[in-house]
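Below: run_1.cif (mmCIF, C-alpha atoms)
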```
data_target
#
loop_
_atom_site.group_PDB
_atom_site.id
_atom_site.type_symbol
_atom_site.label_atom_id
_atom_site.label_comp_id
_atom_site.auth_asym_id
_atom_site.auth_seq_id
_atom_site.Cartn_x
_atom_site.Cartn_y
_atom_site.Cartn_z
ATOM 1 C CA MET Z 1 113.808 217.169 140.931
ATOM 2 C CA THR Z 2 112.093 220.512 141.398
ATOM 3 C CA ALA Z 3 108.347 220.317 142.007
ATOM 4 C CA GLY Z 4 106.210 221.233 139.037
ATOM 5 C CA ARG Z 5 108.814 220.329 136.417
ATOM 6 C CA THR Z 6 109.095 217.425 134.027
ATOM 7 C CA THR Z 7 111.480 214.479 134.473
ATOM 8 C CA GLY Z 8 115.163 215.369 134.084
ATOM 9 C CA PHE Z 9 116.632 218.852 134.046
ATOM 10 C CA THR Z 10 114.410 221.266 132.156
ATOM 11 C CA ASP Z 11 113.397 224.892 132.462
ATOM 12 C CA ILE Z 12 109.789 224.132 131.463
ATOM 13 C CA ASP Z 13 107.482 225.106 134.335
ATOM 14 C CA THR Z 14 104.269 223.119 133.940
ATOM 15 C CA THR Z 15 102.713 224.837 136.980
ATOM 16 C CA HIS Z 16 103.118 228.368 135.658
ATOM 17 C CA TRP Z 17 99.794 230.216 135.641
ATOM 18 C CA THR Z 18 99.991 230.939 131.906
ATOM 19 C CA LEU Z 19 99.825 227.194 131.280
ATOM 20 C CA ARG Z 20 97.693 226.141 134.236
ATOM 21 C CA TYR Z 21 94.717 228.235 133.101
ATOM 22 C CA LEU Z 22 94.975 227.350 129.422
ATOM 23 C CA PRO Z 23 92.827 224.508 128.030
ATOM 24 C CA PRO Z 24 94.944 221.351 127.563
ATOM 25 C CA TRP Z 25 95.035 221.663 123.761
ATOM 26 C CA ALA Z 26 96.547 225.177 124.026
ATOM 27 C CA ARG Z 27 99.296 224.411 126.539
ATOM 28 C CA PRO Z 28 101.865 223.160 124.005
ATOM 29 C CA TYR Z 29 101.470 226.447 122.130
ATOM 30 C CA GLY Z 30 102.065 228.362 125.360
ATOM 31 C CA ARG Z 31 105.227 226.348 125.943
ATOM 32 C CA LEU Z 32 106.344 226.906 122.354
ATOM 33 C CA ALA Z 33 106.047 230.664 122.970
ATOM 34 C CA ARG Z 34 107.796 230.252 126.368
ATOM 35 C CA TRP Z 35 104.924 231.823 128.296
ATOM 36 C CA ASP Z 36 105.963 229.653 131.243
ATOM 37 C CA ARG Z 37 109.388 231.362 131.174
ATOM 38 C CA PRO Z 38 108.618 235.091 131.106
ATOM 39 C CA ILE Z 39 112.224 236.111 131.805
ATOM 40 C CA GLY Z 40 112.809 236.160 128.034
ATOM 41 C CA ILE Z 41 109.942 238.603 127.569
ATOM 42 C CA TRP Z 42 111.443 240.889 130.202
ATOM 43 C CA LEU Z 43 114.895 240.756 128.631
ATOM 44 C CA LEU Z 44 113.451 241.671 125.235
ATOM 45 C CA LEU Z 45 111.138 244.322 126.660
ATOM 46 C CA PHE Z 46 113.495 246.232 128.932
ATOM 47 C CA PRO Z 47 115.624 247.827 126.164
ATOM 48 C CA CYS Z 48 112.394 249.147 124.576
ATOM 49 C CA TRP Z 49 111.329 250.649 127.887
ATOM 50 C CA TRP Z 50 114.793 252.066 128.591
ATOM 51 C CA SER Z 51 115.058 253.976 125.353
ATOM 52 C CA SER Z 52 111.451 255.163 125.592
ATOM 53 C CA ALA Z 53 112.216 256.534 129.058
ATOM 54 C CA LEU Z 54 115.388 258.141 127.757
ATOM 55 C CA ALA Z 55 113.366 259.978 125.096
ATOM 56 C CA ALA Z 56 109.955 260.628 126.658
ATOM 57 C CA THR Z 57 110.762 263.323 129.237
ATOM 58 C CA PRO Z 58 108.625 264.856 130.626
ATOM 59 C CA ASN Z 59 105.578 263.339 128.899
ATOM 60 C CA TRP Z 60 104.722 260.510 131.305
ATOM 61 C CA ALA Z 61 101.385 259.696 129.666
ATOM 62 C CA GLN Z 62 103.143 259.226 126.348
ATOM 63 C CA LEU Z 63 105.774 257.027 128.021
ATOM 64 C CA ALA Z 64 103.078 254.827 129.616
ATOM 65 C CA GLY Z 65 101.402 254.396 126.232
ATOM 66 C CA TYR Z 66 104.606 253.323 124.525
ATOM 67 C CA MET Z 67 105.485 250.977 127.383
ATOM 68 C CA ALA Z 68 102.100 249.243 127.030
ATOM 69 C CA LEU Z 69 102.507 249.005 123.256
ATOM 70 C CA PHE Z 70 106.002 247.546 123.536
ATOM 71 C CA THR Z 71 104.779 245.030 126.117
ATOM 72 C CA VAL Z 72 102.318 243.584 123.609
ATOM 73 C CA GLY Z 73 104.988 243.607 120.917
ATOM 74 C CA ALA Z 74 107.587 241.921 123.116
ATOM 75 C CA ILE Z 75 105.229 239.104 124.118
ATOM 76 C CA ALA Z 76 104.263 238.483 120.493
ATOM 77 C CA MET Z 77 107.716 238.741 118.952
ATOM 78 C CA ARG Z 78 109.495 236.826 121.680
ATOM 79 C CA GLY Z 79 106.938 234.041 121.211
ATOM 80 C CA ALA Z 80 107.339 234.123 117.438
ATOM 81 C CA GLY Z 81 111.125 234.107 117.765
ATOM 82 C CA CYS Z 82 111.097 231.177 120.188
ATOM 83 C CA THR Z 83 108.749 229.278 117.897
ATOM 84 C CA TRP Z 84 111.070 229.872 114.946
ATOM 85 C CA ASN Z 85 114.056 228.819 117.058
ATOM 86 C CA ASP Z 86 112.301 225.572 117.997
ATOM 87 C CA ILE Z 87 111.345 224.891 114.381
ATOM 88 C CA VAL Z 88 114.958 225.224 113.239
ATOM 89 C CA ASP Z 89 116.405 223.391 116.260
ATOM 90 C CA ARG Z 90 113.807 220.629 116.641
ATOM 91 C CA LYS Z 91 116.257 217.806 115.822
ATOM 92 C CA VAL Z 92 119.042 219.251 117.949
ATOM 93 C CA ASP Z 93 116.644 219.844 120.865
ATOM 94 C CA ALA Z 94 115.772 216.147 120.866
ATOM 95 C CA GLY Z 95 119.361 215.374 121.886
ATOM 96 C CA VAL Z 96 119.641 217.905 124.734
ATOM 97 C CA GLU Z 97 118.325 217.051 128.196
ATOM 98 C CA ARG Z 98 116.931 220.521 128.931
ATOM 99 C CA THR Z 99 115.083 220.842 125.608
ATOM 100 C CA ARG Z 100 113.938 217.361 124.593
ATOM 101 C CA GLY Z 101 110.600 217.897 126.366
ATOM 102 C CA ARG Z 102 109.676 220.881 124.172
ATOM 103 C CA PRO Z 103 106.534 220.503 122.038
ATOM 104 C CA LEU Z 104 108.231 219.749 118.693
ATOM 105 C CA PRO Z 105 110.941 217.224 119.700
ATOM 106 C CA SER Z 106 108.495 215.522 122.098
ATOM 107 C CA GLY Z 107 105.876 215.152 119.348
ATOM 108 C CA GLU Z 108 103.140 217.163 121.084
ATOM 109 C CA LEU Z 109 102.875 219.448 118.049
ATOM 110 C CA LYS Z 110 103.566 218.928 114.363
ATOM 111 C CA LEU Z 111 105.709 221.234 112.269
ATOM 112 C CA HIS Z 112 102.735 222.811 110.476
ATOM 113 C CA HIS Z 113 101.127 223.648 113.839
ATOM 114 C CA ALA Z 114 104.269 225.530 114.865
ATOM 115 C CA LEU Z 115 104.437 227.404 111.562
ATOM 116 C CA ILE Z 116 100.833 228.586 111.874
ATOM 117 C CA TRP Z 117 101.393 229.622 115.491
ATOM 118 C CA MET Z 118 104.512 231.569 114.523
ATOM 119 C CA ALA Z 119 102.568 233.390 111.785
ATOM 120 C CA LEU Z 120 99.781 234.342 114.186
ATOM 121 C CA GLN Z 121 102.208 235.780 116.718
ATOM 122 C CA GLY Z 122 104.047 237.589 113.941
ATOM 123 C CA ALA Z 123 100.745 239.156 112.858
ATOM 124 C CA VAL Z 124 100.287 240.623 116.344
ATOM 125 C CA GLY Z 125 103.822 242.007 116.173
ATOM 126 C CA ALA Z 126 103.060 243.532 112.767
ATOM 127 C CA ALA Z 127 99.971 245.219 114.200
ATOM 128 C CA VAL Z 128 102.178 246.871 116.819
ATOM 129 C CA LEU Z 129 104.519 248.123 114.092
ATOM 130 C CA PHE Z 130 101.649 249.921 112.399
ATOM 131 C CA LYS Z 131 101.184 251.946 115.591
ATOM 132 C CA LEU Z 132 104.715 253.348 115.308
ATOM 133 C CA ASN Z 133 105.936 256.178 113.107
ATOM 134 C CA LYS Z 134 107.468 255.176 109.779
ATOM 135 C CA PHE Z 135 111.060 255.656 110.892
ATOM 136 C CA ALA Z 136 110.613 253.528 114.021
ATOM 137 C CA GLY Z 137 108.737 250.887 112.040
ATOM 138 C CA GLY Z 138 111.576 250.703 109.528
ATOM 139 C CA VAL Z 139 114.150 250.370 112.299
ATOM 140 C CA ALA Z 140 112.088 247.590 113.914
ATOM 141 C CA LEU Z 141 111.761 245.650 110.647
ATOM 142 C CA LEU Z 142 115.551 245.450 110.295
ATOM 143 C CA SER Z 143 115.696 243.269 113.410
ATOM 144 C CA LEU Z 144 113.881 240.455 111.587
ATOM 145 C CA VAL Z 145 117.095 239.613 109.756
ATOM 146 C CA LEU Z 146 118.824 238.953 113.078
ATOM 147 C CA VAL Z 147 115.875 236.936 114.388
ATOM 148 C CA ALA Z 148 115.868 234.795 111.228
ATOM 149 C CA ILE Z 149 119.578 233.939 111.240
ATOM 150 C CA TYR Z 150 120.124 233.464 114.980
ATOM 151 C CA PRO Z 151 119.174 229.750 115.200
ATOM 152 C CA THR Z 152 121.673 228.863 112.450
ATOM 153 C CA MET Z 153 124.513 230.703 114.197
ATOM 154 C CA LYS Z 154 124.762 227.988 116.843
ATOM 155 C CA LYS Z 155 125.916 225.587 114.130
ATOM 156 C CA ILE Z 156 128.499 227.764 112.400
ATOM 157 C CA THR Z 157 130.104 229.966 115.083
ATOM 158 C CA SER Z 158 131.073 229.866 118.743
ATOM 159 C CA TRP Z 159 129.649 233.392 119.108
ATOM 160 C CA PRO Z 160 125.885 233.019 118.537
ATOM 161 C CA GLN Z 161 125.271 235.097 121.665
ATOM 162 C CA VAL Z 162 126.578 238.140 119.777
ATOM 163 C CA VAL Z 163 123.780 237.791 117.217
ATOM 164 C CA LEU Z 164 121.262 237.245 120.002
ATOM 165 C CA GLY Z 165 122.544 240.379 121.725
ATOM 166 C CA PHE Z 166 122.084 242.450 118.575
ATOM 167 C CA ALA Z 167 118.547 241.077 118.160
ATOM 168 C CA PHE Z 168 117.358 241.188 121.785
ATOM 169 C CA ASN Z 169 118.494 244.760 122.359
ATOM 170 C CA TRP Z 170 117.162 246.182 119.104
ATOM 171 C CA GLY Z 171 114.337 247.707 121.114
ATOM 172 C CA ALA Z 172 116.868 250.172 122.543
ATOM 173 C CA LEU Z 173 116.859 251.742 119.072
ATOM 174 C CA VAL Z 174 113.161 251.273 118.351
ATOM 175 C CA GLY Z 175 111.893 252.830 121.592
ATOM 176 C CA TYR Z 176 113.795 256.065 121.129
ATOM 177 C CA ALA Z 177 112.864 256.216 117.433
ATOM 178 C CA ALA Z 178 109.188 255.690 118.284
ATOM 179 C CA VAL Z 179 109.139 258.643 120.667
ATOM 180 C CA THR Z 180 111.375 261.092 118.771
ATOM 181 C CA GLY Z 181 111.464 259.895 115.152
ATOM 182 C CA THR Z 182 115.270 259.955 115.363
ATOM 183 C CA LEU Z 183 118.217 258.168 116.970
ATOM 184 C CA SER Z 184 120.945 259.590 119.201
ATOM 185 C CA TRP Z 185 124.461 258.633 120.213
ATOM 186 C CA ALA Z 186 123.223 258.083 123.774
ATOM 187 C CA THR Z 187 120.755 255.535 122.400
ATOM 188 C CA VAL Z 188 123.482 253.802 120.388
ATOM 189 C CA ALA Z 189 125.590 253.510 123.551
ATOM 190 C CA LEU Z 190 122.557 252.148 125.418
ATOM 191 C CA TYR Z 191 122.113 249.566 122.666
ATOM 192 C CA PHE Z 192 125.717 248.334 122.658
ATOM 193 C CA GLY Z 193 125.708 248.206 126.449
ATOM 194 C CA GLY Z 194 122.706 245.908 126.167
ATOM 195 C CA VAL Z 195 124.538 243.723 123.648
ATOM 196 C CA ALA Z 196 127.454 243.322 126.074
ATOM 197 C CA TRP Z 197 125.005 242.589 128.905
ATOM 198 C CA THR Z 198 123.416 239.864 126.779
ATOM 199 C CA MET Z 199 126.842 238.300 126.350
ATOM 200 C CA VAL Z 200 126.920 237.915 130.139
ATOM 201 C CA TYR Z 201 123.440 236.568 130.791
ATOM 202 C CA ASP Z 202 123.106 234.343 127.739
ATOM 203 C CA THR Z 203 126.530 232.810 128.213
ATOM 204 C CA ILE Z 204 125.422 231.902 131.740
ATOM 205 C CA TYR Z 205 122.187 230.512 130.294
ATOM 206 C CA ALA Z 206 124.105 228.416 127.737
ATOM 207 C CA MET Z 207 126.267 226.938 130.497
ATOM 208 C CA GLN Z 208 123.296 224.732 131.375
ATOM 209 C CA ASP Z 209 123.781 222.788 128.132
ATOM 210 C CA GLN Z 210 127.575 222.585 127.805
ATOM 211 C CA ARG Z 211 127.758 218.817 128.068
ATOM 212 C CA ASP Z 212 124.916 218.029 125.660
ATOM 213 C CA ASP Z 213 125.942 220.798 123.259
ATOM 214 C CA ALA Z 214 129.363 219.223 122.917
ATOM 215 C CA VAL Z 215 127.735 215.902 121.991
ATOM 216 C CA VAL Z 216 125.269 217.264 119.419
ATOM 217 C CA GLY Z 217 127.648 219.848 117.957
ATOM 218 C CA VAL Z 218 125.962 223.066 119.132
ATOM 219 C CA ARG Z 219 128.432 225.918 119.589
ATOM 220 C CA SER Z 220 128.183 228.715 122.137
ATOM 221 C CA THR Z 221 130.176 231.239 124.110
ATOM 222 C CA ALA Z 222 129.666 228.993 127.150
ATOM 223 C CA ARG Z 223 131.786 226.356 125.430
ATOM 224 C CA ARG Z 224 134.135 228.954 123.919
ATOM 225 C CA PHE Z 225 134.813 230.535 127.332
ATOM 226 C CA ALA Z 226 134.938 227.244 129.277
ATOM 227 C CA ALA Z 227 138.627 227.565 130.153
ATOM 228 C CA ALA Z 228 138.194 230.992 131.769
ATOM 229 C CA PRO Z 229 134.479 231.810 132.129
ATOM 230 C CA ARG Z 230 134.807 234.508 134.800
ATOM 231 C CA ARG Z 231 137.472 236.375 132.866
ATOM 232 C CA TRP Z 232 135.283 236.565 129.758
ATOM 233 C CA LEU Z 233 132.100 237.363 131.669
ATOM 234 C CA SER Z 234 133.916 240.106 133.574
ATOM 235 C CA PHE Z 235 135.154 241.598 130.300
ATOM 236 C CA PHE Z 236 131.635 241.856 128.883
ATOM 237 C CA ALA Z 237 130.211 243.143 132.174
ATOM 238 C CA VAL Z 238 132.807 245.937 132.227
ATOM 239 C CA LEU Z 239 132.018 246.653 128.573
ATOM 240 C CA ALA Z 240 128.299 246.911 129.365
ATOM 241 C CA ILE Z 241 128.875 249.306 132.259
ATOM 242 C CA GLY Z 242 131.275 251.337 130.109
ATOM 243 C CA PHE Z 243 128.712 251.786 127.340
ATOM 244 C CA TRP Z 244 126.030 252.664 129.876
ATOM 245 C CA ILE Z 245 128.315 255.264 131.457
ATOM 246 C CA ALA Z 246 128.678 256.696 127.955
ATOM 247 C CA THR Z 247 124.869 256.776 127.698
ATOM 248 C CA GLY Z 248 124.706 258.896 130.831
ATOM 249 C CA VAL Z 249 127.412 261.255 129.633
ATOM 250 C CA LEU Z 250 125.982 261.659 126.118
ATOM 251 C CA ALA Z 251 122.349 262.122 127.180
ATOM 252 C CA PRO Z 252 123.385 263.818 129.541
ATOM 253 C CA LEU Z 253 121.955 262.308 132.726
ATOM 254 C CA GLY Z 254 122.320 263.295 136.364
ATOM 255 C CA ILE Z 255 123.808 261.735 139.482
ATOM 256 C CA GLY Z 256 120.774 259.530 140.177
ATOM 257 C CA TYR Z 257 121.398 257.580 136.998
ATOM 258 C CA PHE Z 258 125.019 256.871 137.883
ATOM 259 C CA VAL Z 259 124.187 255.825 141.453
ATOM 260 C CA LEU Z 260 121.750 253.191 140.203
ATOM 261 C CA LEU Z 261 124.200 252.175 137.477
ATOM 262 C CA ALA Z 262 126.652 251.399 140.278
ATOM 263 C CA GLY Z 263 123.980 249.077 141.696
ATOM 264 C CA ILE Z 264 123.853 247.276 138.338
ATOM 265 C CA ALA Z 265 127.634 246.876 138.437
ATOM 266 C CA VAL Z 266 127.431 245.334 141.918
ATOM 267 C CA HIS Z 267 124.743 242.910 140.763
ATOM 268 C CA LEU Z 268 126.824 241.808 137.768
ATOM 269 C CA CYS Z 269 129.799 241.277 140.080
ATOM 270 C CA TRP Z 270 127.607 239.088 142.291
ATOM 271 C CA GLN Z 271 126.487 237.007 139.310
ATOM 272 C CA ILE Z 272 129.997 236.395 138.049
ATOM 273 C CA ALA Z 273 131.853 235.973 141.362
ATOM 274 C CA LEU Z 274 129.468 233.356 142.779
ATOM 275 C CA LEU Z 275 128.553 231.590 139.518
ATOM 276 C CA LYS Z 276 128.907 227.805 139.421
ATOM 277 C CA PRO Z 277 129.436 227.158 135.688
ATOM 278 C CA HIS Z 278 128.680 223.429 135.861
ATOM 279 C CA ASP Z 279 125.664 223.674 138.159
ATOM 280 C CA GLN Z 280 122.586 223.907 135.917
ATOM 281 C CA ALA Z 281 120.246 225.147 138.632
ATOM 282 C CA ASP Z 282 122.701 227.841 139.718
ATOM 283 C CA CYS Z 283 123.182 229.029 136.123
ATOM 284 C CA LEU Z 284 119.423 229.228 135.598
ATOM 285 C CA MET Z 285 118.935 231.185 138.829
ATOM 286 C CA ARG Z 286 121.627 233.721 137.949
ATOM 287 C CA PHE Z 287 120.318 234.071 134.403
ATOM 288 C CA LYS Z 288 116.843 234.864 135.738
ATOM 289 C CA SER Z 289 118.291 237.389 138.187
ATOM 290 C CA ASN Z 290 119.005 239.699 135.232
ATOM 291 C CA ARG Z 291 115.454 240.956 135.535
ATOM 292 C CA LEU Z 292 116.839 243.071 138.390
ATOM 293 C CA VAL Z 293 119.333 244.670 135.990
ATOM 294 C CA GLY Z 294 116.442 245.648 133.741
ATOM 295 C CA TRP Z 295 114.453 247.228 136.543
ATOM 296 C CA LEU Z 296 117.473 249.068 137.935
ATOM 297 C CA MET Z 297 118.280 250.591 134.542
ATOM 298 C CA LEU Z 298 114.664 251.626 134.022
ATOM 299 C CA ALA Z 299 114.606 253.172 137.493
ATOM 300 C CA ALA Z 300 117.880 254.983 136.754
ATOM 301 C CA LEU Z 301 116.458 256.566 133.621
ATOM 302 C CA ILE Z 302 113.132 257.535 135.210
ATOM 303 C CA VAL Z 303 114.528 258.751 138.554
ATOM 304 C CA ASP Z 304 116.964 260.965 136.713
ATOM 305 C CA ARG Z 305 114.080 262.557 134.823
ATOM 306 C CA ILE Z 306 112.151 263.170 138.052
ATOM 307 C CA ALA Z 307 115.134 264.684 139.875
#
```
This entry written out as structure tokens:
Amino acid sequence: MTAGRTTGFTDIDTTHWTLRYLPPWARPYGRLARWDRPIGIWLLLFPCWWSSALAATPNWAQLAGYMALFTVGAIAMRGAGCTWNDIVDRKVDAGVERTRGRPLPSGELKLHHALIWMALQGAVGAAVLFKLNKFAGGVALLSLVLVAIYPTMKKITSWPQVVLGFAFNWGALVGYAAVTGTLSWATVALYFGGVAWTMVYDTIYAMQDQRDDAVVGVRSTARRFAAAPRRWLSFFAVLAIGFWIATGVLAPLGIGYFVLLAGIAVHLCWQIALLKPHDQADCLMRFKSNRLVGWLMLAALIVDRIA
């Protein structure tokens, strides 16, 4: 068992600083919002930053302002989304090893506590929306439909990761709209590349729960692709790189962008080639490594603007 974690396999990190410095009564709320697992914040935030960088040239002060604003929004809305997910899945989570220690299935918090906490986080997200122009705010509001239906998808389709991909990468549309008041085909390609990327990383994430999901009836691409996981993951990785090449062509972007995009392709190859689909710790490590993809893409967009 890894030090600092609860009994059994779980991705809850009880030693994370966001929980360690909270008063004891507040720690279950921090876990409900996944503050101890910031990788989800990064994965939600990066598409916002990417599209802002794509649009903000050469106004670096403006870009920094939008990046700060989207950081607050991503923390709030990721927390609200996770809280909603746990509310809907509280009975299912009780039957899965990795999730049974979460605040609702473990009994640390009651349902009404979670609902109030979700509303408070949603209010912070709404405050961020009011800082955007009307077009960007309208685009952002559309994502709430995807956030609302995602938890139910795991019960009715083997492709819930598609819905998650649409929701988690919505910021690729919002960031560009916030800066320019419009959308572009380059931004649309950036968005769909992010959706394909999500199919890679969240399928790997779902591989942690394949055994328990089969017992409790939760469906996922991890189970759907179980017979040939690398073939499917490779398909979506190639799709992601293809859309991101299209982003560079449509923008248009220079050679620096494509060089760093090649680095992203190498990293995705590493994830897929060395993945151990039935090793929970290995799947979690490779899922978390996608933060590097986010930074590389951001660097590609910014370096190209500097060059």
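This file gives the following result for the PyMOL selection byres ((chain Z and resi 189) around 9): Ser184, Trp185, Ala186, Thr187, Val188, Leu190, Tyr191, Phe192, Gly193, Gly194, Gly242, Phe243, Trp244, Ile245, Ala246, Thr247 and Leu250 of chain Z.
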Exercise. Determine, counting all atoms listed in the file, which protein, DNA and RNA residues have an atom within 12 Å of an atom of Leu43 in chain Z; residues of the same chain fewer than 2 positions away are not included. Present the result as an MDAnalysis selection string.
Key: chainID Z and resid 37:41 45:50 71 74:75 78 164:165 167:172 194:195 197:198 201:202 287:295 297
Self-check item: Using only C-alpha atoms: which of Z:Trp60, Z:Arg286, Z:Cys82, Z:Cys269 has the shortest distance to Gly122 in chain Z
Solution: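 Using only C-alpha atoms, Gly122 in chain Z sits closest to Z:Cys82.
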Practice problem: Specify as a VMD selection string each residue included when the PyMOL selection byres ((chain Z and resi 91-102) around 12) is applied to this file. | Solution: chain Z and resid 5 to 14 27 to 34 36 82 to 83 85 to 90 103 to 111 114 151 to 152 154 to 155 205 to 219 280 to 281 284
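Across the structure, CA of Ala226 in chain Z and CA of Asp282 in chain Z are spaced 16.1 Å apart.
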Exercise. Would you work out the distance separating CA of Leu239 in chain Z from CA of Ile306 in chain Z, expressed in Å to one decimal?
Key: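 Between these atoms lies a distance of 27.5 Å.
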Quiz prompt | Atom pair CA of Leu183 in chain Z / CA of Gly263 in chain Z: separation (Å) | solution =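 Taking CA of Leu183 in chain Z as the start and CA of Gly263 in chain Z as the end point, the length is 27.0 Å.
Matched in the shown structure by the PyMOL selection byres ((chain Z and resi 66) around 10): Cys48, Trp49, Ser52, Ala53, Ala56, Trp60, Ala61, Gln62, Leu63, Ala64, Gly65, Met67, Ala68, Leu69, Phe70, Thr71, Lys131, Leu132, Gly175, Ala178 and Val179 of chain Z.
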Work out where the centre of an axis-aligned box around every listed atom of range 79-88 of chain Z lies and how long its edges are once 8 Å is added on each side; give both in Å to one decimal as lines of an AutoDock Vina configuration file.
```
center_x = 110.9
center_y = 229.5
center_z = 117.2
size_x = 24.0
size_y = 25.2
size_z = 24.0
```
Quiz item: Which residues, protein or nucleic acid, reach to within 7 Å of (112.3, 264.8, 135.4) in the file's coordinates when using only C-alpha atoms, and can you give that as a PyMOL selection string?
Solution: chain Z and resi 57-58+304-307
Quiz item: Could you name the residues that touch Arg231 in chain Z at 12 Å or less, counting only C-alpha atoms, but leaving out those on the same chain fewer than 5 positions away, as a PyMOL selection string?
Solution: chain Z and resi 200+225-226+236-238+269+272-273
Practice problem: Counting only C-alpha atoms, figure out which residue out of Z:Ala80, Z:Ala55, Z:Ala222, Z:Leu296 gets nearest to Ala262 in chain Z. | Solution: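 Closest candidate: Z:Leu296.
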For range 252-307 of chain Z of the structure just presented, write C-alpha atoms to a file, as a PDB file, in the first residue's frame.
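Dumped to part.pdb:
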```pdb
ATOM      1  CA  PRO Z 252      -1.593  28.965 -39.448  1.00  0.00           C
ATOM      2  CA  LEU Z 253       1.276  28.208 -37.066  1.00  0.00           C
ATOM      3  CA  GLY Z 254       5.009  27.920 -37.634  1.00  0.00           C
ATOM      4  CA  ILE Z 255       7.609  25.174 -37.372  1.00  0.00           C
ATOM      5  CA  GLY Z 256       8.007  25.513 -33.594  1.00  0.00           C
ATOM      6  CA  TYR Z 257       4.446  24.358 -33.062  1.00  0.00           C
ATOM      7  CA  PHE Z 258       4.915  21.232 -35.161  1.00  0.00           C
ATOM      8  CA  VAL Z 259       8.219  20.322 -33.493  1.00  0.00           C
ATOM      9  CA  LEU Z 260       6.591  20.351 -30.059  1.00  0.00           C
ATOM     10  CA  LEU Z 261       3.553  18.534 -31.452  1.00  0.00           C
ATOM     11  CA  ALA Z 262       5.950  15.759 -32.456  1.00  0.00           C
ATOM     12  CA  GLY Z 263       7.003  15.624 -28.793  1.00  0.00           C
ATOM     13  CA  ILE Z 264       3.350  15.117 -27.827  1.00  0.00           C
ATOM     14  CA  ALA Z 265       3.110  12.263 -30.329  1.00  0.00           C
ATOM     15  CA  VAL Z 266       6.178  10.595 -28.800  1.00  0.00           C
ATOM     16  CA  HIS Z 267       4.704  10.924 -25.314  1.00  0.00           C
ATOM     17  CA  LEU Z 268       1.411   9.350 -26.403  1.00  0.00           C
ATOM     18  CA  CYS Z 269       3.351   6.495 -28.004  1.00  0.00           C
ATOM     19  CA  TRP Z 270       5.173   5.968 -24.705  1.00  0.00           C
ATOM     20  CA  GLN Z 271       1.892   5.856 -22.783  1.00  0.00           C
ATOM     21  CA  ILE Z 272       0.299   3.311 -25.080  1.00  0.00           C
ATOM     22  CA  ALA Z 273       3.310   1.084 -25.832  1.00  0.00           C
ATOM     23  CA  LEU Z 274       4.280   0.546 -22.182  1.00  0.00           C
ATOM     24  CA  LEU Z 275       0.782   0.576 -20.651  1.00  0.00           C
ATOM     25  CA  LYS Z 276      -0.158  -2.328 -18.384  1.00  0.00           C
ATOM     26  CA  PRO Z 277      -3.969  -2.383 -18.711  1.00  0.00           C
ATOM     27  CA  HIS Z 278      -4.561  -4.554 -15.638  1.00  0.00           C
ATOM     28  CA  ASP Z 279      -2.071  -2.815 -13.355  1.00  0.00           C
ATOM     29  CA  GLN Z 280      -4.000  -0.116 -11.471  1.00  0.00           C
ATOM     30  CA  ALA Z 281      -0.932   1.787 -10.311  1.00  0.00           C
ATOM     31  CA  ASP Z 282       0.549   1.821 -13.814  1.00  0.00           C
ATOM     32  CA  CYS Z 283      -2.726   3.074 -15.322  1.00  0.00           C
ATOM     33  CA  LEU Z 284      -2.946   5.858 -12.744  1.00  0.00           C
ATOM     34  CA  MET Z 285       0.658   6.916 -13.375  1.00  0.00           C
ATOM     35  CA  ARG Z 286       0.174   7.079 -17.143  1.00  0.00           C
ATOM     36  CA  PHE Z 287      -3.116   8.934 -16.767  1.00  0.00           C
ATOM     37  CA  LYS Z 288      -1.415  11.569 -14.611  1.00  0.00           C
ATOM     38  CA  SER Z 289       1.424  11.883 -17.124  1.00  0.00           C
ATOM     39  CA  ASN Z 290      -1.000  13.644 -19.492  1.00  0.00           C
ATOM     40  CA  ARG Z 291      -0.197  16.869 -17.693  1.00  0.00           C
ATOM     41  CA  LEU Z 292       2.952  16.853 -19.845  1.00  0.00           C
ATOM     42  CA  VAL Z 293       0.796  16.796 -22.990  1.00  0.00           C
ATOM     43  CA  GLY Z 294      -0.990  19.899 -21.744  1.00  0.00           C
ATOM     44  CA  TRP Z 295       2.213  21.790 -21.061  1.00  0.00           C
ATOM     45  CA  LEU Z 296       3.769  20.774 -24.376  1.00  0.00           C
ATOM     46  CA  MET Z 297       0.742  22.002 -26.329  1.00  0.00           C
ATOM     47  CA  LEU Z 298       0.700  25.282 -24.415  1.00  0.00           C
ATOM     48  CA  ALA Z 299       4.420  25.709 -25.063  1.00  0.00           C
ATOM     49  CA  ALA Z 300       3.877  24.937 -28.758  1.00  0.00           C
ATOM     50  CA  LEU Z 301       1.263  27.659 -29.086  1.00  0.00           C
ATOM     51  CA  ILE Z 302       3.242  30.265 -27.132  1.00  0.00           C
ATOM     52  CA  VAL Z 303       6.670  29.504 -28.640  1.00  0.00           C
ATOM     53  CA  ASP Z 304       5.197  29.808 -32.099  1.00  0.00           C
ATOM     54  CA  ARG Z 305       3.893  33.268 -31.233  1.00  0.00           C
ATOM     55  CA  ILE Z 306       7.299  34.346 -29.905  1.00  0.00           C
ATOM     56  CA  ALA Z 307       9.205  33.036 -32.931  1.00  0.00           C
TER      57      ALA Z 307
END
```
